[in-house]
Amino acid sequence: MKINQFISLKNYNSFQLNAQSHHFVELHERSDFKKLLDKHGGQSIFTLGGGSNILLVEKEISVLIAHINTKGIQTVNESDRNVQVKIEAGEIWDDVVQWTVERGYGGIENLTLIPGKIGAAPIQNIGAYGVELKDTLIACEFIDKSTGELREVDNAFCQFGYRDSIFKNELRNKVIITAITLNLSKDGFHQYNTSYGAISNHLLENFSNEINLTTIRETVRQIRTSKLPDPKIIGNSGSFFKNPIVSQQQLKHIQEQFPDVVHFPVDKDKVKIAAGWMIEKLDGKKWTVGGAGVHHKQALVLINKKNATGMDLLELSKRIQSNVFEHFGVHLETEVNIIDHKYTCQL
Ligand SMILES: Cc1cc2nc3c(=O)[nH]c(=O)nc-3n(C[C@H](O)[C@H](O)[C@H](O)COP(=O)(O)OP(=O)(O)OC[C@H]3O[C@@H](n4cnc5c(N)ncnc54)[C@H](O)[C@@H]3O)c2cc1C
């Protein structure tokens, strides 16, 4: 376990920001977690997965970065209907989706092509196309950074919500997730989720409405590829903001001025407003700060157009937040984790 000094993080964050890490360590073995905590104490360690949900604001990052690369997928339980698999934190999320689909295990096929690693998936309860991690996760294993204790907790403990969990709140920066366990369905017991219009139309047009794990995964891949920029080509972190959830009353108020506001029901009292629609309505797709801009197909996605700095992206995001607040009275919360000086100081 070697601590590397002064390495560029350009290939470790999907915005492709050229920040420099002063201390960087790769963790490949389970035993590395303990060694690291024993030697450096947990509080001053920043845990990095695939870097697809972070904005590195600072150019120099002095906190020790631990890059998680532990691998392994193990079946821990099986019945006629289900299989339970435990997956190490350093596995690539989409490789795991492929692994499950190839074996005929259902539950996460709609979540294909989400970048990043397994260990980060519970942090914001990753979700797409009507499915969230919380629908299949039955256990999450983590190490408490301050005590070094290894714990395995259940789904309820994680307090999952829309792009949210206990790991973004009470346990923010306090633990390193080492593995998760998913409960997946076996052939004959799958519950396909094709409720998103785009999925059912695509299945009909391209797969003669043949619905199985492979056609759903392929459908989602094709839809996502046509809509979202590839971070290897254009630096981005997917949706920069969460879609805000407001009361029916607040929606009515917005509709008085913007009758066409795009929204979706959450429950009988609340609705989710499409943040991308609000940004687009304000002509936000044209906004730039330095090398940072807004993607032309999806206004929710901020991009590194040309040599952007973390500060450019942060400034642009603040400009969007203040404009949206001024016109719609709604605060846009960031989905991306802003890693600034304040953040690393809180570790
Ligand atoms: C093009 C694109 C599309 C995307 N689409 C979606 C989508 O459809 N749905 C969705 O939900 N997200 C989406 N995302 C966001 C992102 O892919 C997910 O949030 C993903 O889970 C982040 O994983 P990561 O390994 O890259 O995390 P990182 O960016 O490395 O880390 C994110 C946060 O998690 C913490 N963390 C990482 N690993 C651990 C660990 N083992 N233990 C404790 N903390 C940890 C980090 O400290 C950081 O705060 C998209 C991103 C991109 C670039």
# chains A, B, ... in the order shown; residues from 1 in each chain; ligands from 1

$ residues_near_ligand --ligand "ligand 1" --cutoff "6 Å" --atoms "only C-alpha atoms and all ligand atoms" --output "ChimeraX atom specification"
/A:14,46-54,89,114-117,119-121,123,126-128,175-178,230-231,236-238,337

$ write_last_selection --atoms "N, CA, C and O atoms" --output "CSV table (one decimal), in the first residue's frame"
chain,number,residue,atom,x,y,z
A,14,SER,N,-15.0,12.5,-13.4
A,14,SER,CA,-15.6,12.5,-14.7
A,14,SER,C,-15.8,13.9,-15.3
A,14,SER,O,-16.1,14.0,-16.5
A,46,PHE,N,-10.3,11.0,2.4
A,46,PHE,CA,-11.4,11.1,1.5
A,46,PHE,C,-11.5,9.9,0.6
A,46,PHE,O,-10.6,9.4,0.0
A,47,THR,N,-12.7,9.3,0.6
A,47,THR,CA,-12.9,8.0,-0.1
A,47,THR,C,-13.3,8.3,-1.6
A,47,THR,O,-14.3,9.1,-1.8
A,48,LEU,N,-12.6,7.8,-2.5
A,48,LEU,CA,-12.9,8.0,-3.9
A,48,LEU,C,-13.3,6.7,-4.6
A,48,LEU,O,-12.6,5.7,-4.5
A,49,GLY,N,-14.4,6.7,-5.4
A,49,GLY,CA,-14.8,5.6,-6.2
A,49,GLY,C,-14.4,5.9,-7.6
A,49,GLY,O,-13.2,6.1,-7.9
A,50,GLY,N,-15.4,6.0,-8.5
A,50,GLY,CA,-15.1,6.3,-9.9
A,50,GLY,C,-15.0,7.8,-10.2
A,50,GLY,O,-14.7,8.2,-11.4
A,51,GLY,N,-15.3,8.6,-9.2
A,51,GLY,CA,-15.2,10.1,-9.4
A,51,GLY,C,-16.3,10.6,-10.4
A,51,GLY,O,-16.1,11.7,-10.9
A,52,SER,N,-17.4,9.9,-10.5
A,52,SER,CA,-18.4,10.4,-11.4
A,52,SER,C,-19.5,11.2,-10.7
A,52,SER,O,-20.5,11.6,-11.4
A,53,ASN,N,-19.3,11.5,-9.4
A,53,ASN,CA,-20.4,12.3,-8.8
A,53,ASN,C,-19.7,13.3,-7.8
A,53,ASN,O,-20.2,13.6,-6.8
A,54,ILE,N,-18.6,13.9,-8.3
A,54,ILE,CA,-17.9,14.9,-7.4
A,54,ILE,C,-17.5,16.0,-8.3
A,54,ILE,O,-17.2,15.9,-9.5
A,89,ALA,N,-16.8,-3.2,-2.7
A,89,ALA,CA,-17.0,-1.8,-3.1
A,89,ALA,C,-16.3,-1.3,-4.3
A,89,ALA,O,-16.7,-0.4,-5.0
A,114,ILE,N,-25.0,3.5,-15.5
A,114,ILE,CA,-24.7,4.5,-14.5
A,114,ILE,C,-23.2,4.4,-14.1
A,114,ILE,O,-22.7,3.3,-13.8
A,115,PRO,N,-22.4,5.4,-14.3
A,115,PRO,CA,-20.9,5.3,-14.1
A,115,PRO,C,-20.7,5.1,-12.6
A,115,PRO,O,-21.5,5.3,-11.7
A,116,GLY,N,-19.4,4.7,-12.3
A,116,GLY,CA,-19.0,4.7,-10.8
A,116,GLY,C,-18.9,3.3,-10.3
A,116,GLY,O,-19.1,2.3,-11.0
A,117,LYS,N,-18.7,3.2,-9.0
A,117,LYS,CA,-18.4,1.9,-8.4
A,117,LYS,C,-19.5,1.5,-7.4
A,117,LYS,O,-20.3,2.4,-6.9
A,119,GLY,N,-19.3,0.9,-4.2
A,119,GLY,CA,-19.3,1.5,-2.8
A,119,GLY,C,-20.0,2.8,-2.8
A,119,GLY,O,-20.5,3.2,-1.7
A,120,ALA,N,-20.1,3.5,-3.9
A,120,ALA,CA,-20.8,4.8,-3.9
A,120,ALA,C,-22.3,4.7,-4.2
A,120,ALA,O,-23.0,5.6,-3.9
A,121,ALA,N,-22.7,3.6,-4.7
A,121,ALA,CA,-24.1,3.4,-5.1
A,121,ALA,C,-25.1,3.7,-3.9
A,121,ALA,O,-26.1,4.4,-4.2
A,123,ILE,N,-24.6,5.7,-1.5
A,123,ILE,CA,-24.5,7.1,-0.9
A,123,ILE,C,-25.7,7.9,-1.4
A,123,ILE,O,-26.4,8.5,-0.6
A,126,ILE,N,-28.6,5.3,-5.9
A,126,ILE,CA,-28.6,5.6,-7.4
A,126,ILE,C,-29.9,5.1,-8.0
A,126,ILE,O,-30.5,4.1,-7.5
A,127,GLY,N,-30.4,5.9,-9.0
A,127,GLY,CA,-31.7,5.5,-9.5
A,127,GLY,C,-31.8,6.0,-11.0
A,127,GLY,O,-31.1,6.9,-11.4
A,128,ALA,N,-32.6,5.3,-11.7
A,128,ALA,CA,-32.8,5.6,-13.1
A,128,ALA,C,-34.0,4.8,-13.7
A,128,ALA,O,-34.1,3.6,-13.3
A,175,VAL,N,-17.9,7.0,7.2
A,175,VAL,CA,-17.7,5.6,7.0
A,175,VAL,C,-17.1,5.3,5.6
A,175,VAL,O,-17.2,6.2,4.7
A,176,ILE,N,-16.5,4.2,5.5
A,176,ILE,CA,-16.1,3.7,4.1
A,176,ILE,C,-16.9,2.5,3.8
A,176,ILE,O,-16.9,1.5,4.6
A,177,ILE,N,-17.7,2.5,2.8
A,177,ILE,CA,-18.6,1.4,2.4
A,177,ILE,C,-17.6,0.4,1.8
A,177,ILE,O,-16.9,0.7,0.9
A,178,THR,N,-17.7,-0.9,2.3
A,178,THR,CA,-16.8,-1.9,1.8
A,178,THR,C,-17.5,-2.9,0.9
A,178,THR,O,-16.8,-3.6,0.1
A,230,ASP,N,-21.1,11.4,-23.1
A,230,ASP,CA,-20.1,10.5,-22.6
A,230,ASP,C,-19.0,11.2,-21.9
A,230,ASP,O,-18.3,12.0,-22.5
A,231,PRO,N,-18.9,11.0,-20.5
A,231,PRO,CA,-17.9,11.8,-19.8
A,231,PRO,C,-16.4,11.6,-20.3
A,231,PRO,O,-15.6,12.4,-20.0
A,236,ASN,N,-18.3,15.6,-17.5
A,236,ASN,CA,-19.6,15.9,-16.8
A,236,ASN,C,-19.8,14.9,-15.7
A,236,ASN,O,-19.1,14.0,-15.5
A,237,SER,N,-20.8,15.2,-14.9
A,237,SER,CA,-21.1,14.4,-13.7
A,237,SER,C,-22.6,13.9,-13.7
A,237,SER,O,-23.2,13.8,-12.7
A,238,GLY,N,-23.2,13.8,-14.9
A,238,GLY,CA,-24.6,13.5,-15.0
A,238,GLY,C,-25.4,14.6,-14.5
A,238,GLY,O,-25.0,15.8,-14.6
A,337,ASN,N,-21.5,15.9,-5.4
A,337,ASN,CA,-20.9,16.2,-4.2
A,337,ASN,C,-19.8,17.3,-4.4
A,337,ASN,O,-18.9,17.0,-5.2

$ residues_around --residues "Ala292 (chain A)" --least-positions-apart "3" --cutoff "9 Å" --atoms "only C-alpha atoms" --output "list in words"
Trp287, Thr288, Val289, Leu302, Ile303, Asn304, Lys305, Lys306, Asn307, Ala308, Thr309, Gly310, Asp312, Leu313, Leu314, Glu315 and Leu316 of chain A

$ write_last_selection --atoms "C-alpha atoms" --output "compact mmCIF listing (two decimals), in the first residue's frame"
# COMPACT_ATOMS: atom_id res chain seq x y z
CA TRP A 287 -24.85 30.17 -20.03
CA THR A 288 -21.13 29.72 -19.60
CA VAL A 289 -18.58 30.60 -16.93
CA LEU A 302 -23.16 20.86 -16.53
CA ILE A 303 -20.13 20.22 -18.71
CA ASN A 304 -16.44 20.93 -18.95
CA LYS A 305 -16.60 22.57 -22.38
CA LYS A 306 -12.96 23.56 -22.58
CA ASN A 307 -10.35 23.55 -19.82
CA ALA A 308 -12.89 24.46 -17.16
CA THR A 309 -11.75 24.79 -13.58
CA GLY A 310 -13.71 23.48 -10.62
CA ASP A 312 -15.91 27.78 -13.16
CA LEU A 313 -18.33 24.90 -12.67
CA LEU A 314 -19.16 25.99 -9.13
CA GLU A 315 -19.82 29.57 -10.25
CA LEU A 316 -22.04 28.36 -13.09

$ residues_around --residues "Ser195 (chain A)" --least-positions-apart "6" --cutoff "10 Å" --atoms "only C-alpha atoms" --output "PDB file with all heavy atoms, in the first residue's frame"
ATOM      1  N   TYR A 129     -34.784   5.378 -14.546  1.00  0.00           N
ATOM      2  CA  TYR A 129     -35.840   4.646 -15.267  1.00  0.00           C
ATOM      3  C   TYR A 129     -36.725   3.805 -14.336  1.00  0.00           C
ATOM      4  O   TYR A 129     -36.987   2.640 -14.586  1.00  0.00           O
ATOM      5  CB  TYR A 129     -35.220   3.809 -16.398  1.00  0.00           C
ATOM      6  CG  TYR A 129     -34.610   4.722 -17.429  1.00  0.00           C
ATOM      7  CD1 TYR A 129     -33.255   5.022 -17.399  1.00  0.00           C
ATOM      8  CD2 TYR A 129     -35.419   5.348 -18.370  1.00  0.00           C
ATOM      9  CE1 TYR A 129     -32.709   5.931 -18.299  1.00  0.00           C
ATOM     10  CE2 TYR A 129     -34.889   6.260 -19.277  1.00  0.00           C
ATOM     11  CZ  TYR A 129     -33.545   6.539 -19.236  1.00  0.00           C
ATOM     12  OH  TYR A 129     -33.013   7.441 -20.115  1.00  0.00           O
ATOM     13  N   GLY A 130     -37.174   4.479 -13.260  1.00  0.00           N
ATOM     14  CA  GLY A 130     -38.176   3.860 -12.383  1.00  0.00           C
ATOM     15  C   GLY A 130     -37.632   2.888 -11.363  1.00  0.00           C
ATOM     16  O   GLY A 130     -38.406   2.251 -10.633  1.00  0.00           O
ATOM     17  N   VAL A 131     -36.309   2.727 -11.282  1.00  0.00           N
ATOM     18  CA  VAL A 131     -35.711   1.770 -10.339  1.00  0.00           C
ATOM     19  C   VAL A 131     -34.666   2.497  -9.502  1.00  0.00           C
ATOM     20  O   VAL A 131     -33.968   3.383 -10.003  1.00  0.00           O
ATOM     21  CB  VAL A 131     -35.060   0.604 -11.122  1.00  0.00           C
ATOM     22  CG1 VAL A 131     -34.287  -0.319 -10.192  1.00  0.00           C
ATOM     23  CG2 VAL A 131     -36.123  -0.186 -11.881  1.00  0.00           C
TER      24      VAL A 131
END

$ residues_around --residues "Asp269 (chain A)" --least-positions-apart "3" --cutoff "10 Å" --atoms "only C-alpha atoms" --output "JSON, numbers by chain"
{"A": [246, 247, 248, 249, 265, 266]}

$ atom_distance --atom1 "CA of Thr112 (chain A)" --atom2 "CA of Asn206 (chain A)"
17.9 Å
